[in-house]
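One structure is given below, encoded as structure tokens.
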Amino acid sequence: MKFIIDFIKSRIVFFISLLCAVISMFFVPPSKAYIQYIDWNTLFILFSLMICVSGFENSGIFDKFCKIICSHITNLRLLSVVLIVFCFFSSMIITNDVALITFVPFTLLVLSNQNEVKLWHIIYIIVLETIAANTGSMLTPIGNPQNLFIFNKYNMNVSQFINILFPYSFASFCLLYIFSFIIPKITLNKSLLGNNNFDDEKMKFDNSLFFKRCFYFFLFLCCLFSVIKNLTKWPIALFVCIGSFIFDRKVILKVDYYLLFTFVFFFIFTGNLGEVHIIREFLESSVKSKEFFVGFGVSQIISNVPATLILYQFVDDIKNLLIGVNVGGLGTIVASLASLISFNIYNSQKSNGCLFLIFFTVLNVIFLLVLILLYTILN
């Protein structure tokens with residue numbers, strides 16, 4: 001029983017989306033229209049990108065990168081700045097989820113061996129990494145799922161998309177840089193840094209790993225090209241799937257299918273909401289001209305991906321909703337699914353989860369208030 005409860009907790013957004021879809025079916029019975037609710041292009045490209053990133057991870061690129069970082073670090077502040085900066089910029093390409101899955105365990109692995117490093121230092125760095133991933137990923141169409149969905153749905157071009165979110169991402173980067181100076185310049189024990197348990201097999205150079213890395217880089221470029229050019233996504237997804245099945249079929253199993261089905265269930269739920277006239281009128285009147293504030297407000301409760309999928313069809317100004325749900329990734333621990341990843345990784349290895357939540361909430365609220373103020377100034 002405990003296993004079932006823990007499993008549901010770990011996939012709470014998935015089960016909420018399933019429940020919402022099932023309840024909505026009582027008001028709008030299943031039909032062929034359900035197929036039209038689903039944005040297949042978003043699902044295909046999201047699936048393709050997940051395979052590519054899993055391929056990078058499986059080929060040891062991230063392990064190799066972390067090992068290189070270890071060999072050139074001299075003090076805690078420098079290490080934290082490097083990790084925060086890489087979380088920020090890597091999340092633009094490999095998504096905020098994957099950036100945190102890569103760097104948070106690395107942070108815990110490296111710093112847990114350092115006698116001079118206190119628990120609050122570790123928490124503080126991980127929280128800043130989480131903020132960096134959430135605010136860096138907002139800048140690109142492939143940085144997070146809600147951006148990918150809006151970019152595809154409304155046929156935006158890349159420069160238009162980046163221009164909308166650049167002020168908020170840049171302001172966050174400046175704040176991250178300022179807040180990183182709170183971290184003390186504690187000298188790190190280099191001998192302990194060298195003893196971390198990276199996968200040595202993936203550190204070695206061999207032809208098969210080199211081929212895999214080149215192969216997934218090529219697939220990733222194909223995905224990126226299809227996003228930028230707004231091409232039909234199913235041929236790319238088919239090509240990526242067949243290629244990975246032939247050369248490295250294990251990565252297909254690493255795809256987060258729960259996230260894909262979460263999208264499917266929310267598409268069904270929101271599609272059914274649009275068919276209920278009273279609910280549609282209520283949502284349209286509630287969201288109209290308040291897209292930004294409703295977007296970040298709803299994100300605080302159900303996270304920004306579901307908020308996007310529920311609200312997009314009821315808005316007049318998609319630009320303000322895009323800003324709202326991205327800024328809304330800051331705030332509560334559930335505002336972004338990536339934040340829950342950080343918390344779960346930390347909580348599985350360290351005690352005092354309450355202290356983590358305190359640091360997380362305080363810092364996130366500060367960043368959130370600054371970005372809300374920036375929005376009011378710019379609009």
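By convention in this document, the chains of the structure tokens carry letters A, B, ... by their order, each chain's residues are numbered from 1, and ligands are numbered from 1 in the order they are shown.
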**Request:** Taking the DSSP assignment computed from this structure's backbone, write out as a ChimeraX atom specification all residues of stretch 43-288 of chain A that belong to alpha helix (DSSP H).
**Result:** /A:43-58,61-70,76-111,119-136,145-153,158-179,190-193,200-203,207-228,234-248,250-253,257-275,277-287
Select from stretch 234-319 of chain A every residue with an atom at most 7 Å from any atom of stretch 327-348 of chain A, then for each give the shortest pair of atoms and their distance in Å to one decimal, using only C-alpha atoms, rows by chain and rising number, as a Markdown table.
```
| residue | atom | partner | partner_atom | distance |
| --- | --- | --- | --- | --- |
| A:Gly295 | CA | A:Gly328 | CA | 6.8 |
| A:Phe296 | CA | A:Gly328 | CA | 3.8 |
| A:Gly297 | CA | A:Gly328 | CA | 6.8 |
| A:Ser299 | CA | A:Ala335 | CA | 5.1 |
| A:Gln300 | CA | A:Ala335 | CA | 4.4 |
| A:Ile301 | CA | A:Ala335 | CA | 6.5 |
| A:Ile302 | CA | A:Ala335 | CA | 6.6 |
| A:Ser303 | CA | A:Ala335 | CA | 4.0 |
| A:Asn304 | CA | A:Ser336 | CA | 5.8 |
```
**Asked** Leaving out A:Ala133 and any residue of its chain fewer than 5 positions from it, which residues lie within 12 Å of it when counting only C-alpha atoms, given as a PyMOL selection string?
**Response** chain A and resi 83-104+126-128+138-140+143-144+169+172-173+176+326+329-330+336-339+341-342
**Request:** Excluding A:Trp120 and any residue of its chain fewer than 3 positions from it, enumerate the residues within 9 Å of it, using only C-alpha atoms, and give them as JSON, numbers by chain.
**Result:** {"A": [117, 123, 124, 125, 355, 356, 359]}
**Message:** Excluding A:Cys241 and its own-chain neighbours fewer than 6 positions away, which residues fall within 9 Å of it when counting only C-alpha atoms? Please give them as a PyMOL selection string.
**Reply:** chain A and resi 47-48+51+249+252
Serialized selection, all heavy atoms, as a PDB file, in the first residue's frame:
```pdb
ATOM      1  N   PHE A  47       8.682  14.056 -27.624  1.00  0.00           N
ATOM      2  CA  PHE A  47       9.179  12.676 -27.587  1.00  0.00           C
ATOM      3  C   PHE A  47      10.567  12.586 -28.226  1.00  0.00           C
ATOM      4  O   PHE A  47      11.478  11.942 -27.686  1.00  0.00           O
ATOM      5  CB  PHE A  47       8.188  11.772 -28.324  1.00  0.00           C
ATOM      6  CG  PHE A  47       8.651  10.360 -28.524  1.00  0.00           C
ATOM      7  CD1 PHE A  47       8.713   9.471 -27.460  1.00  0.00           C
ATOM      8  CD2 PHE A  47       9.027   9.910 -29.788  1.00  0.00           C
ATOM      9  CE1 PHE A  47       9.147   8.157 -27.646  1.00  0.00           C
ATOM     10  CE2 PHE A  47       9.455   8.607 -29.986  1.00  0.00           C
ATOM     11  CZ  PHE A  47       9.523   7.731 -28.903  1.00  0.00           C
ATOM     12  N   SER A  48      10.743  13.240 -29.368  1.00  0.00           N
ATOM     13  CA  SER A  48      12.029  13.206 -30.077  1.00  0.00           C
ATOM     14  C   SER A  48      13.141  13.840 -29.252  1.00  0.00           C
ATOM     15  O   SER A  48      14.253  13.301 -29.149  1.00  0.00           O
ATOM     16  CB  SER A  48      11.906  13.934 -31.418  1.00  0.00           C
ATOM     17  OG  SER A  48      10.886  13.372 -32.210  1.00  0.00           O
ATOM     18  N   ILE A  51      14.262  11.599 -26.365  1.00  0.00           N
ATOM     19  CA  ILE A  51      15.148  10.526 -26.806  1.00  0.00           C
ATOM     20  C   ILE A  51      16.572  11.049 -27.008  1.00  0.00           C
ATOM     21  O   ILE A  51      17.555  10.428 -26.577  1.00  0.00           O
ATOM     22  CB  ILE A  51      14.624   9.876 -28.098  1.00  0.00           C
ATOM     23  CG1 ILE A  51      13.408   8.999 -27.801  1.00  0.00           C
ATOM     24  CG2 ILE A  51      15.716   9.042 -28.769  1.00  0.00           C
ATOM     25  CD1 ILE A  51      12.845   8.289 -29.013  1.00  0.00           C
ATOM     26  N   ARG A 249      18.758   1.123 -28.315  1.00  0.00           N
ATOM     27  CA  ARG A 249      17.330   1.011 -28.001  1.00  0.00           C
ATOM     28  C   ARG A 249      16.993   1.264 -26.533  1.00  0.00           C
ATOM     29  O   ARG A 249      15.840   1.535 -26.193  1.00  0.00           O
ATOM     30  CB  ARG A 249      16.817  -0.356 -28.441  1.00  0.00           C
ATOM     31  CG  ARG A 249      17.411  -1.545 -27.701  1.00  0.00           C
ATOM     32  CD  ARG A 249      16.977  -2.844 -28.355  1.00  0.00           C
ATOM     33  NE  ARG A 249      17.486  -2.927 -29.727  1.00  0.00           N
ATOM     34  CZ  ARG A 249      17.260  -3.959 -30.530  1.00  0.00           C
ATOM     35  NH1 ARG A 249      16.531  -4.984 -30.103  1.00  0.00           N
ATOM     36  NH2 ARG A 249      17.747  -3.981 -31.755  1.00  0.00           N
ATOM     37  N   ILE A 252      15.072   4.530 -25.478  1.00  0.00           N
ATOM     38  CA  ILE A 252      13.623   4.639 -25.682  1.00  0.00           C
ATOM     39  C   ILE A 252      12.881   4.362 -24.383  1.00  0.00           C
ATOM     40  O   ILE A 252      11.839   4.953 -24.105  1.00  0.00           O
ATOM     41  CB  ILE A 252      13.156   3.690 -26.801  1.00  0.00           C
ATOM     42  CG1 ILE A 252      13.834   4.062 -28.130  1.00  0.00           C
ATOM     43  CG2 ILE A 252      11.642   3.721 -26.960  1.00  0.00           C
ATOM     44  CD1 ILE A 252      13.492   3.153 -29.272  1.00  0.00           C
TER      45      ILE A 252
END
```
Residues of stretch 97-184 of chain A at most 12 Å from stretch 368-372 of chain A: nearest atom pair and distance in Å, only C-alpha atoms, as a Markdown table:
```
| residue | atom | partner | partner_atom | distance |
| --- | --- | --- | --- | --- |
| A:Ile131 | CA | A:Leu368 | CA | 10.1 |
| A:Asn134 | CA | A:Leu368 | CA | 11.5 |
| A:Thr135 | CA | A:Leu371 | CA | 10.4 |
| A:Leu165 | CA | A:Leu371 | CA | 10.9 |
| A:Phe166 | CA | A:Leu371 | CA | 11.6 |
| A:Pro167 | CA | A:Leu371 | CA | 9.0 |
| A:Tyr168 | CA | A:Leu371 | CA | 6.2 |
| A:Ser169 | CA | A:Leu371 | CA | 9.1 |
| A:Phe170 | CA | A:Leu371 | CA | 10.3 |
| A:Ala171 | CA | A:Leu371 | CA | 7.6 |
| A:Ser172 | CA | A:Leu371 | CA | 7.8 |
| A:Phe173 | CA | A:Leu371 | CA | 11.5 |
| A:Cys174 | CA | A:Val370 | CA | 11.4 |
| A:Leu175 | CA | A:Val370 | CA | 9.2 |
```
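Of note, atom CA of A:Gly353 and atom CA of A:Val82 are spaced 24.7 Å apart.
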**Request:** Just the residues within 8 Å of A:Ile228, please, counting only C-alpha atoms, with nothing from its chain fewer than 4 positions along; format it as a list of chain:residue names.
**Result:** A:Asn157, A:Val158, A:Leu224
Please produce a file of the residues just selected, as an mmCIF file, in the first residue's frame, where the atoms kept are N, CA, C and O atoms.
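File produced: selection_7.cif:
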```
data_model
loop_
_atom_site.group_PDB
_atom_site.id
_atom_site.type_symbol
_atom_site.label_atom_id
_atom_site.label_comp_id
_atom_site.auth_asym_id
_atom_site.auth_seq_id
_atom_site.Cartn_x
_atom_site.Cartn_y
_atom_site.Cartn_z
ATOM 1 N N ASN A 157 8.010 32.648 -34.626
ATOM 2 C CA ASN A 157 9.388 32.455 -35.062
ATOM 3 C C ASN A 157 10.312 32.628 -33.859
ATOM 4 O O ASN A 157 9.925 33.203 -32.840
ATOM 5 N N VAL A 158 11.529 32.146 -33.986
ATOM 6 C CA VAL A 158 12.435 32.074 -32.836
ATOM 7 C C VAL A 158 12.770 33.450 -32.291
ATOM 8 O O VAL A 158 12.769 33.681 -31.073
ATOM 9 N N LEU A 224 15.853 20.309 -33.710
ATOM 10 C CA LEU A 224 15.945 21.762 -33.592
ATOM 11 C C LEU A 224 15.519 22.435 -34.894
ATOM 12 O O LEU A 224 14.781 23.433 -34.888
#
```
**Asked** So which one's closest to A:Ile38, A:Gln349, A:Asn320, A:Thr262, A:Thr130? Using only C-alpha atoms, please.
**Response** A:Thr262
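Among the candidate residues A:Leu148, A:Ile310, A:Val28, A:Ala21, the one lying nearest to A:His277 is A:Val28, with distances computed using only C-alpha atoms.
Distance check against A:Ile323 using only C-alpha atoms: of A:Ile12, A:Val362, A:Ile150, A:Ile73, the minimum falls on A:Ile150.
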**Request:** Could you please determine the separation between atom CA of A:Phe210 and atom CA of A:Pro141 in Å, to one decimal place?
**Result:**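 Going from atom CA of A:Phe210 over to atom CA of A:Pro141, I get 28.1 Å.
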**Message:** Give me, as a PyMOL selection string, all polymer residues having an atom no more than 12 Å from A:Ser285, counting only C-alpha atoms and skipping those fewer than 4 positions away in the same chain.
**Reply:** chain A and resi 278-281+289-291+294+311+314-316
